[in-house]
file my_file_6.tsv (TSV, N, CA and C atoms)
chain	number	residue	atom	x	y	z
Z	1	MET	N	0.83	-1.16	0.00
Z	1	MET	CA	0.00	0.00	0.00
Z	1	MET	C	0.89	1.25	0.00
Z	2	LYS	N	0.63	2.14	-0.96
Z	2	LYS	CA	1.44	3.35	-1.08
Z	2	LYS	C	0.89	4.43	-0.16
Z	3	ARG	N	1.79	5.16	0.39
Z	3	ARG	CA	1.39	6.27	1.26
Z	3	ARG	C	1.52	7.56	0.46
Z	4	PHE	N	0.51	8.39	0.63
Z	4	PHE	CA	0.53	9.68	-0.04
Z	4	PHE	C	1.22	10.70	0.87
Z	5	SER	N	2.30	11.21	0.40
Z	5	SER	CA	2.99	12.22	1.19
Z	5	SER	C	2.51	13.61	0.76
Z	6	LEU	N	2.69	14.52	1.62
Z	6	LEU	CA	2.29	15.90	1.36
Z	6	LEU	C	3.02	16.45	0.15
Z	7	ARG	N	4.25	16.08	-0.02
Z	7	ARG	CA	5.05	16.55	-1.14
Z	7	ARG	C	4.47	16.07	-2.47
Z	8	ARG	N	4.06	14.84	-2.54
Z	8	ARG	CA	3.46	14.29	-3.78
Z	8	ARG	C	2.14	14.97	-4.10
Z	9	VAL	N	1.33	15.18	-3.08
Z	9	VAL	CA	0.03	15.83	-3.29
Z	9	VAL	C	0.24	17.26	-3.79
Z	10	LEU	N	1.15	17.99	-3.18
Z	10	LEU	CA	1.43	19.36	-3.61
Z	10	LEU	C	2.02	19.40	-5.01
Z	11	SER	N	2.90	18.48	-5.32
Z	11	SER	CA	3.51	18.49	-6.65
Z	11	SER	C	2.49	18.18	-7.74
Z	12	ALA	N	1.45	17.45	-7.40
Z	12	ALA	CA	0.40	17.16	-8.38
Z	12	ALA	C	-0.63	18.29	-8.43
Z	13	ALA	N	-0.92	18.91	-7.28
Z	13	ALA	CA	-1.96	19.93	-7.22
Z	13	ALA	C	-1.47	21.30	-7.65
Z	14	LEU	N	-0.22	21.59	-7.49
Z	14	LEU	CA	0.32	22.91	-7.80
Z	14	LEU	C	0.14	23.28	-9.27
Z	15	PRO	N	0.49	22.45	-10.24
Z	15	PRO	CA	0.27	22.82	-11.64
Z	15	PRO	C	-1.21	23.05	-11.96
Z	16	ILE	N	-2.08	22.27	-11.37
Z	16	ILE	CA	-3.51	22.45	-11.60
Z	16	ILE	C	-3.97	23.78	-11.02
Z	17	ALA	N	-3.51	24.13	-9.83
Z	17	ALA	CA	-3.89	25.39	-9.20
Z	17	ALA	C	-3.37	26.58	-10.01
Z	18	VAL	N	-2.15	26.50	-10.47
Z	18	VAL	CA	-1.58	27.58	-11.29
Z	18	VAL	C	-2.37	27.72	-12.59
Z	19	PHE	N	-2.72	26.61	-13.21
Z	19	PHE	CA	-3.51	26.65	-14.43
Z	19	PHE	C	-4.87	27.31	-14.18
Z	20	MET	N	-5.53	26.96	-13.09
Z	20	MET	CA	-6.84	27.53	-12.77
Z	20	MET	C	-6.75	29.03	-12.51
Z	21	ILE	N	-5.71	29.45	-11.81
Z	21	ILE	CA	-5.51	30.88	-11.55
Z	21	ILE	C	-5.29	31.63	-12.85
Z	22	MET	N	-4.48	31.09	-13.73
Z	22	MET	CA	-4.21	31.75	-15.01
Z	22	MET	C	-5.46	31.79	-15.88
Z	23	LEU	N	-6.27	30.75	-15.83
Z	23	LEU	CA	-7.51	30.72	-16.59
Z	23	LEU	C	-8.48	31.79	-16.09
Z	24	VAL	N	-8.61	31.93	-14.79
Z	24	VAL	CA	-9.48	32.97	-14.22
Z	24	VAL	C	-8.95	34.35	-14.60
Z	25	TRP	N	-7.64	34.53	-14.54
Z	25	TRP	CA	-7.02	35.81	-14.91
Z	25	TRP	C	-7.29	36.14	-16.38
Z	26	LEU	N	-7.19	35.17	-17.25
Z	26	LEU	CA	-7.44	35.38	-18.67
Z	26	LEU	C	-8.90	35.74	-18.93
Z	27	ILE	N	-9.81	35.03	-18.31
Z	27	ILE	CA	-11.24	35.31	-18.52
Z	27	ILE	C	-11.59	36.70	-17.99
Z	28	SER	N	-11.09	37.07	-16.84
Z	28	SER	CA	-11.39	38.40	-16.31
Z	28	SER	C	-10.80	39.49	-17.20
Z	29	GLY	N	-9.64	39.24	-17.79
Z	29	GLY	CA	-9.05	40.20	-18.71
Z	29	GLY	C	-9.89	40.39	-19.96
Z	30	VAL	N	-10.41	39.32	-20.49
Z	30	VAL	CA	-11.26	39.41	-21.68
Z	30	VAL	C	-12.55	40.16	-21.36
Z	31	LEU	N	-13.15	39.89	-20.21
Z	31	LEU	CA	-14.37	40.58	-19.82
Z	31	LEU	C	-14.13	42.07	-19.58
Z	32	ASN	N	-13.02	42.41	-18.96
Z	32	ASN	CA	-12.70	43.82	-18.74
Z	32	ASN	C	-12.40	44.54	-20.04
Z	33	ALA	N	-11.78	43.87	-20.98
Z	33	ALA	CA	-11.50	44.49	-22.28
Z	33	ALA	C	-12.80	44.82	-22.99
Z	34	GLY	N	-13.78	43.95	-22.89
Z	34	GLY	CA	-15.07	44.21	-23.52
Z	34	GLY	C	-15.76	45.43	-22.94
Z	35	SER	N	-15.71	45.59	-21.63
Z	35	SER	CA	-16.35	46.75	-21.01
Z	35	SER	C	-15.58	48.04	-21.33
Z	36	ALA	N	-14.27	47.95	-21.48
Z	36	ALA	CA	-13.48	49.13	-21.85
Z	36	ALA	C	-13.81	49.57	-23.26
Z	37	VAL	N	-14.03	48.61	-24.14
Z	37	VAL	CA	-14.39	48.93	-25.53
Z	37	VAL	C	-15.76	49.61	-25.55
Z	38	ASP	N	-16.70	49.11	-24.77
Z	38	ASP	CA	-18.03	49.72	-24.71
Z	38	ASP	C	-17.97	51.15	-24.20
Z	39	ALA	N	-17.17	51.40	-23.18
Z	39	ALA	CA	-17.02	52.75	-22.63
Z	39	ALA	C	-16.39	53.68	-23.66
Z	40	LYS	N	-15.40	53.19	-24.38
Z	40	LYS	CA	-14.74	54.00	-25.41
Z	40	LYS	C	-15.71	54.33	-26.55
Z	41	GLU	N	-16.52	53.35	-26.94
Z	41	GLU	CA	-17.50	53.58	-28.00
Z	41	GLU	C	-18.53	54.62	-27.58
Z	42	LEU	N	-18.99	54.55	-26.35
Z	42	LEU	CA	-19.94	55.52	-25.83
Z	42	LEU	C	-19.34	56.92	-25.82
Z	43	GLU	N	-18.08	57.02	-25.43
Z	43	GLU	CA	-17.39	58.31	-25.43
Z	43	GLU	C	-17.24	58.86	-26.86
Z	44	GLU	N	-16.94	58.00	-27.81
Z	44	GLU	CA	-16.79	58.44	-29.20
Z	44	GLU	C	-18.12	58.92	-29.78
Z	45	ILE	N	-19.21	58.27	-29.43
Z	45	ILE	CA	-20.53	58.70	-29.90
Z	45	ILE	C	-20.86	60.08	-29.33
Z	46	LYS	N	-20.59	60.27	-28.04
Z	46	LYS	CA	-20.82	61.56	-27.40
Z	46	LYS	C	-20.00	62.64	-28.08
Z	47	ASN	N	-18.73	62.37	-28.37
Z	47	ASN	CA	-17.87	63.34	-29.05
Z	47	ASN	C	-18.36	63.65	-30.45
Z	48	THR	N	-18.85	62.64	-31.16
Z	48	THR	CA	-19.37	62.85	-32.51
Z	48	THR	C	-20.57	63.77	-32.49
Z	49	ILE	N	-21.49	63.53	-31.56
Z	49	ILE	CA	-22.67	64.39	-31.47
Z	49	ILE	C	-22.28	65.81	-31.08
Z	50	GLU	N	-21.38	65.93	-30.10
Z	50	GLU	CA	-20.93	67.26	-29.66
Z	50	GLU	C	-20.24	68.01	-30.81
Z	51	ASN	N	-19.44	67.31	-31.61
Z	51	ASN	CA	-18.79	67.95	-32.76
Z	51	ASN	C	-19.82	68.40	-33.78
Z	52	GLY	N	-20.83	67.58	-34.03
Z	52	GLY	CA	-21.90	67.96	-34.95
Z	52	GLY	C	-22.64	69.20	-34.48
Z	53	VAL	N	-22.91	69.27	-33.19
Z	53	VAL	CA	-23.58	70.44	-32.61
Z	53	VAL	C	-22.71	71.69	-32.78
Z	54	THR	N	-21.43	71.55	-32.52
Z	54	THR	CA	-20.51	72.68	-32.63
Z	54	THR	C	-20.38	73.15	-34.08
Z	55	ILE	N	-20.27	72.22	-34.99
Z	55	ILE	CA	-20.16	72.58	-36.42
Z	55	ILE	C	-21.43	73.27	-36.89
Z	56	CYS	N	-22.58	72.76	-36.47
Z	56	CYS	CA	-23.86	73.39	-36.85
Z	56	CYS	C	-23.91	74.82	-36.34
Z	57	TYR	N	-23.50	75.03	-35.10
Z	57	TYR	CA	-23.52	76.39	-34.54
Z	57	TYR	C	-22.54	77.30	-35.27
Z	58	ALA	N	-21.39	76.77	-35.64
Z	58	ALA	CA	-20.39	77.58	-36.34
Z	58	ALA	C	-20.87	77.97	-37.73
Z	59	ILE	N	-21.57	77.07	-38.41
Z	59	ILE	CA	-22.02	77.35	-39.77
Z	59	ILE	C	-23.30	78.18	-39.79
Z	60	GLU	N	-24.26	77.80	-38.97
Z	60	GLU	CA	-25.60	78.40	-39.04
Z	60	GLU	C	-25.85	79.48	-37.99
Z	61	GLY	N	-25.01	79.56	-36.96
Z	61	GLY	CA	-25.22	80.57	-35.92
Z	61	GLY	C	-26.28	80.17	-34.91
Z	62	ALA	N	-26.75	78.96	-34.96
Z	62	ALA	CA	-27.75	78.46	-34.01
Z	62	ALA	C	-27.50	76.97	-33.79
Z	63	TYR	N	-27.84	76.51	-32.59
Z	63	TYR	CA	-27.70	75.09	-32.30
Z	63	TYR	C	-28.86	74.33	-32.95
Z	64	PRO	N	-28.63	73.09	-33.35
Z	64	PRO	CA	-29.70	72.30	-33.96
Z	64	PRO	C	-30.83	72.04	-32.97
Z	65	GLU	N	-32.07	72.06	-33.48
Z	65	GLU	CA	-33.22	71.89	-32.60
Z	65	GLU	C	-33.48	70.44	-32.21
Z	66	SER	N	-32.93	69.49	-32.97
Z	66	SER	CA	-33.17	68.08	-32.65
Z	66	SER	C	-32.04	67.22	-33.18
Z	67	MET	N	-32.05	65.98	-32.71
Z	67	MET	CA	-31.09	64.99	-33.19
Z	67	MET	C	-31.37	64.66	-34.66
Z	68	ALA	N	-32.64	64.69	-35.04
Z	68	ALA	CA	-33.01	64.41	-36.43
Z	68	ALA	C	-32.40	65.45	-37.37
Z	69	TYR	N	-32.34	66.71	-36.94
Z	69	TYR	CA	-31.73	67.76	-37.76
Z	69	TYR	C	-30.24	67.49	-37.95
Z	70	LEU	N	-29.57	67.05	-36.89
Z	70	LEU	CA	-28.14	66.71	-37.00
Z	70	LEU	C	-27.93	65.54	-37.97
Z	71	THR	N	-28.82	64.57	-37.92
Z	71	THR	CA	-28.71	63.41	-38.80
Z	71	THR	C	-28.93	63.81	-40.26
Z	72	GLU	N	-29.96	64.59	-40.50
Z	72	GLU	CA	-30.29	64.99	-41.88
Z	72	GLU	C	-29.24	65.89	-42.50
Z	73	ASN	N	-28.76	66.87	-41.74
Z	73	ASN	CA	-27.91	67.91	-42.32
Z	73	ASN	C	-26.41	67.74	-42.09
Z	74	TYR	N	-26.05	66.97	-41.08
Z	74	TYR	CA	-24.63	66.84	-40.75
Z	74	TYR	C	-24.14	65.40	-40.69
Z	75	GLY	N	-25.01	64.46	-40.97
Z	75	GLY	CA	-24.61	63.06	-41.07
Z	75	GLY	C	-24.26	62.40	-39.76
Z	76	VAL	N	-24.75	62.93	-38.64
Z	76	VAL	CA	-24.48	62.32	-37.33
Z	76	VAL	C	-25.49	61.20	-37.13
Z	77	VAL	N	-25.00	59.97	-37.14
Z	77	VAL	CA	-25.88	58.80	-37.03
Z	77	VAL	C	-25.50	58.00	-35.79
Z	78	VAL	N	-26.52	57.60	-35.02
Z	78	VAL	CA	-26.32	56.79	-33.83
Z	78	VAL	C	-27.18	55.54	-33.97
Z	79	ASP	N	-26.62	54.40	-33.64
Z	79	ASP	CA	-27.35	53.13	-33.70
Z	79	ASP	C	-28.41	53.12	-32.60
Z	80	SER	N	-29.67	53.34	-33.00
Z	80	SER	CA	-30.76	53.45	-32.01
Z	80	SER	C	-31.12	52.11	-31.39
Z	81	SER	N	-30.67	51.01	-31.98
Z	81	SER	CA	-30.92	49.72	-31.36
Z	81	SER	C	-29.93	49.45	-30.22
Z	82	LYS	N	-28.85	50.20	-30.17
Z	82	LYS	CA	-27.83	50.01	-29.16
Z	82	LYS	C	-27.77	51.14	-28.13
Z	83	TYR	N	-28.18	52.36	-28.54
Z	83	TYR	CA	-28.09	53.52	-27.67
Z	83	TYR	C	-29.38	54.33	-27.69
Z	84	ILE	N	-29.67	54.95	-26.55
Z	84	ILE	CA	-30.77	55.91	-26.44
Z	84	ILE	C	-30.12	57.28	-26.32
Z	85	VAL	N	-30.50	58.21	-27.19
Z	85	VAL	CA	-29.96	59.55	-27.14
Z	85	VAL	C	-31.07	60.50	-26.73
Z	86	HIS	N	-30.85	61.18	-25.61
Z	86	HIS	CA	-31.80	62.20	-25.16
Z	86	HIS	C	-31.18	63.55	-25.51
Z	87	TYR	N	-31.82	64.25	-26.43
Z	87	TYR	CA	-31.32	65.52	-26.94
Z	87	TYR	C	-32.32	66.59	-26.53
Z	88	GLU	N	-31.91	67.49	-25.66
Z	88	GLU	CA	-32.82	68.52	-25.17
Z	88	GLU	C	-32.30	69.90	-25.55
Z	89	SER	N	-33.05	70.56	-26.43
Z	89	SER	CA	-32.69	71.89	-26.88
Z	89	SER	C	-33.64	72.89	-26.25
Z	90	VAL	N	-33.10	73.88	-25.56
Z	90	VAL	CA	-33.92	74.89	-24.89
Z	90	VAL	C	-34.16	76.08	-25.81
Z	91	ALA	N	-33.11	76.57	-26.44
Z	91	ALA	CA	-33.21	77.71	-27.35
Z	91	ALA	C	-32.09	77.59	-28.37
Z	92	ALA	N	-32.21	78.35	-29.45
Z	92	ALA	CA	-31.24	78.27	-30.54
Z	92	ALA	C	-29.86	78.77	-30.14
Z	93	ASN	N	-29.79	79.64	-29.12
Z	93	ASN	CA	-28.50	80.20	-28.72
Z	93	ASN	C	-27.94	79.56	-27.45
Z	94	ILE	N	-28.59	78.52	-26.93
Z	94	ILE	CA	-28.12	77.81	-25.74
Z	94	ILE	C	-27.75	76.39	-26.15
Z	95	ARG	N	-26.56	75.97	-25.78
Z	95	ARG	CA	-26.08	74.63	-26.14
Z	95	ARG	C	-27.03	73.56	-25.58
Z	96	PRO	N	-27.43	72.61	-26.42
Z	96	PRO	CA	-28.35	71.56	-25.96
Z	96	PRO	C	-27.70	70.61	-24.97
Z	97	THR	N	-28.54	69.98	-24.17
Z	97	THR	CA	-28.09	68.94	-23.26
Z	97	THR	C	-28.23	67.59	-23.94
Z	98	ILE	N	-27.15	66.82	-23.95
Z	98	ILE	CA	-27.15	65.53	-24.64
Z	98	ILE	C	-26.80	64.44	-23.62
Z	99	THR	N	-27.68	63.43	-23.55
Z	99	THR	CA	-27.44	62.28	-22.69
Z	99	THR	C	-27.53	61.03	-23.53
Z	100	ILE	N	-26.53	60.16	-23.40
Z	100	ILE	CA	-26.51	58.91	-24.16
Z	100	ILE	C	-26.52	57.76	-23.17
Z	101	ILE	N	-27.45	56.82	-23.37
Z	101	ILE	CA	-27.58	55.68	-22.50
Z	101	ILE	C	-27.48	54.42	-23.36
Z	102	GLU	N	-26.68	53.48	-22.90
Z	102	GLU	CA	-26.55	52.23	-23.63
Z	102	GLU	C	-27.71	51.30	-23.29
Z	103	ARG	N	-28.32	50.72	-24.30
Z	103	ARG	CA	-29.39	49.74	-24.09
Z	103	ARG	C	-28.76	48.44	-23.66
Z	104	ARG	N	-29.40	47.76	-22.72
Z	104	ARG	CA	-28.88	46.47	-22.25
Z	104	ARG	C	-29.86	45.39	-22.56

call {"tool": "encode", "arguments": {"input": "my_file_6.tsv", "output": "structure tokens"}}
result
Amino acid sequence: MKRFSLRRVLSAALPIAVFMIMLVWLISGVLNAGSAVDAKELEEIKNTIENGVTICYAIEGAYPESMAYLTENYGVVVDSSKYIVHYESVAANIRPTITIIERR
């Protein structure tokens, strides 16, 4: 009958434990990369809309009254199946409030 020594058990379990730790680390890295990409995409959409608003004001002397106006005249397009854009314009000479929410 063979006796299991602590050294044998550790030498067999250590590679498995290291592999499991590395696997968890890899999976968490992939998941974090996905969320970083989503945050960057949201920031780029916000910048695109803000640039469209600024260009409209520079050319026309007034801020656009709606998101539809930006889309028609300045080509600012947002994927409505992925994002909700709340565009609130108070007056032609006051910069609109823009809120972008990601659909889940």

call {"tool": "select_by_dssp", "arguments": {"input": "my_file_6.tsv", "residues": "chain Z", "states": "helix (DSSP H, G or I)", "output": "NGL selection string"}}
result
:Z and (6-60 or 67-74)

call {"tool": "closest_residue", "arguments": {"input": "my_file_6.tsv", "among": "Z:Leu10, Z:Ala36, Z:Cys56, Z:Ile45", "to": "Ile101 of chain Z", "atoms": "only C-alpha atoms"}}
result
Z:Ile45

call {"tool": "closest_residue", "arguments": {"input": "my_file_6.tsv", "among": "Z:Ala58, Z:Glu50, Z:Lys40, Z:Pro64", "to": "Ile98 of chain Z", "atoms": "all atoms listed in the file"}}
result
Z:Glu50

call {"tool": "select_by_dssp", "arguments": {"input": "my_file_6.tsv", "residues": "chain Z", "states": "strand (DSSP E)", "output": "PyMOL selection string"}}
result
chain Z and resi 83-88+97-102

call {"tool": "write_last_selection", "arguments": {"input": "my_file_6.tsv", "atoms": "N, CA and C atoms", "output": "PDB file, in the frame of the given file"}}
result
ATOM      1  N   TYR Z  83     -28.180  52.360 -28.540  1.00  0.00           N
ATOM      2  CA  TYR Z  83     -28.090  53.520 -27.670  1.00  0.00           C
ATOM      3  C   TYR Z  83     -29.380  54.330 -27.690  1.00  0.00           C
ATOM      4  N   ILE Z  84     -29.670  54.950 -26.550  1.00  0.00           N
ATOM      5  CA  ILE Z  84     -30.770  55.910 -26.440  1.00  0.00           C
ATOM      6  C   ILE Z  84     -30.120  57.280 -26.320  1.00  0.00           C
ATOM      7  N   VAL Z  85     -30.500  58.210 -27.190  1.00  0.00           N
ATOM      8  CA  VAL Z  85     -29.960  59.550 -27.140  1.00  0.00           C
ATOM      9  C   VAL Z  85     -31.070  60.500 -26.730  1.00  0.00           C
ATOM     10  N   HIS Z  86     -30.850  61.180 -25.610  1.00  0.00           N
ATOM     11  CA  HIS Z  86     -31.800  62.200 -25.160  1.00  0.00           C
ATOM     12  C   HIS Z  86     -31.180  63.550 -25.510  1.00  0.00           C
ATOM     13  N   TYR Z  87     -31.820  64.250 -26.430  1.00  0.00           N
ATOM     14  CA  TYR Z  87     -31.320  65.520 -26.940  1.00  0.00           C
ATOM     15  C   TYR Z  87     -32.320  66.590 -26.530  1.00  0.00           C
ATOM     16  N   GLU Z  88     -31.910  67.490 -25.660  1.00  0.00           N
ATOM     17  CA  GLU Z  88     -32.820  68.520 -25.170  1.00  0.00           C
ATOM     18  C   GLU Z  88     -32.300  69.900 -25.550  1.00  0.00           C
ATOM     19  N   THR Z  97     -28.540  69.980 -24.170  1.00  0.00           N
ATOM     20  CA  THR Z  97     -28.090  68.940 -23.260  1.00  0.00           C
ATOM     21  C   THR Z  97     -28.230  67.590 -23.940  1.00  0.00           C
ATOM     22  N   ILE Z  98     -27.150  66.820 -23.950  1.00  0.00           N
ATOM     23  CA  ILE Z  98     -27.150  65.530 -24.640  1.00  0.00           C
ATOM     24  C   ILE Z  98     -26.800  64.440 -23.620  1.00  0.00           C
ATOM     25  N   THR Z  99     -27.680  63.430 -23.550  1.00  0.00           N
ATOM     26  CA  THR Z  99     -27.440  62.280 -22.690  1.00  0.00           C
ATOM     27  C   THR Z  99     -27.530  61.030 -23.530  1.00  0.00           C
ATOM     28  N   ILE Z 100     -26.530  60.160 -23.400  1.00  0.00           N
ATOM     29  CA  ILE Z 100     -26.510  58.910 -24.160  1.00  0.00           C
ATOM     30  C   ILE Z 100     -26.520  57.760 -23.170  1.00  0.00           C
ATOM     31  N   ILE Z 101     -27.450  56.820 -23.370  1.00  0.00           N
ATOM     32  CA  ILE Z 101     -27.580  55.680 -22.500  1.00  0.00           C
ATOM     33  C   ILE Z 101     -27.480  54.420 -23.360  1.00  0.00           C
ATOM     34  N   GLU Z 102     -26.680  53.480 -22.900  1.00  0.00           N
ATOM     35  CA  GLU Z 102     -26.550  52.230 -23.630  1.00  0.00           C
ATOM     36  C   GLU Z 102     -27.710  51.300 -23.290  1.00  0.00           C
TER      37      GLU Z 102
END

call {"tool": "closest_residue", "arguments": {"input": "my_file_6.tsv", "among": "Z:Thr99, Z:Asn93, Z:Trp25, Z:Phe19", "to": "Thr54 of chain Z", "atoms": "only C-alpha atoms"}}
result
Z:Asn93

call {"tool": "residues_around", "arguments": {"input": "my_file_6.tsv", "residues": "Val78 of chain Z", "least_positions_apart": "5", "cutoff": "10 Å", "atoms": "only C-alpha atoms", "output": "list in words"}}
result
Ile45, Lys46, Thr48, Ile49, Met67, Thr71, Tyr83, Ile84, Val85 and Ile100 of chain Z

call {"tool": "atom_distance", "arguments": {"input": "my_file_6.tsv", "atom1": "atom CA of Thr97 of chain Z", "atom2": "atom CA of Asn73 of chain Z"}}
result
19.1 Å

call {"tool": "closest_residue", "arguments": {"input": "my_file_6.tsv", "among": "Z:Gly29, Z:Lys82, Z:Arg7, Z:Ala68", "to": "Arg103 of chain Z", "atoms": "all atoms listed in the file"}}
result
Z:Lys82

call {"tool": "residues_around", "arguments": {"input": "my_file_6.tsv", "residues": "Pro96 of chain Z", "least_positions_apart": "3", "cutoff": "6.5 Å", "atoms": "all atoms listed in the file", "output": "list in words"}}
result
Tyr63, Tyr87, Glu88, Ser89 and Val90 of chain Z

call {"tool": "axis_aligned_box", "arguments": {"input": "my_file_6.tsv", "around": "segment 74-87 of chain Z", "padding_each_side": "6 Å", "output": "AutoDock Vina command-line options"}}
result
--center_x -28.2 --center_y 58.2 --center_z -33.1 --size_x 20.2 --size_y 29.5 --size_z 27.9

call {"tool": "atom_distance", "arguments": {"input": "my_file_6.tsv", "atom1": "atom N of Asn51 of chain Z", "atom2": "atom N of Glu102 of chain Z"}}
result
17.9 Å

call {"tool": "atom_distance", "arguments": {"input": "my_file_6.tsv", "atom1": "atom CA of Ala91 of chain Z", "atom2": "atom C of Gly61 of chain Z"}}
result
10.5 Å

call {"tool": "closest_residue", "arguments": {"input": "my_file_6.tsv", "among": "Z:Arg8, Z:Arg104, Z:Tyr57, Z:Asp79", "to": "Glu41 of chain Z", "atoms": "only C-alpha atoms"}}
result
Z:Asp79
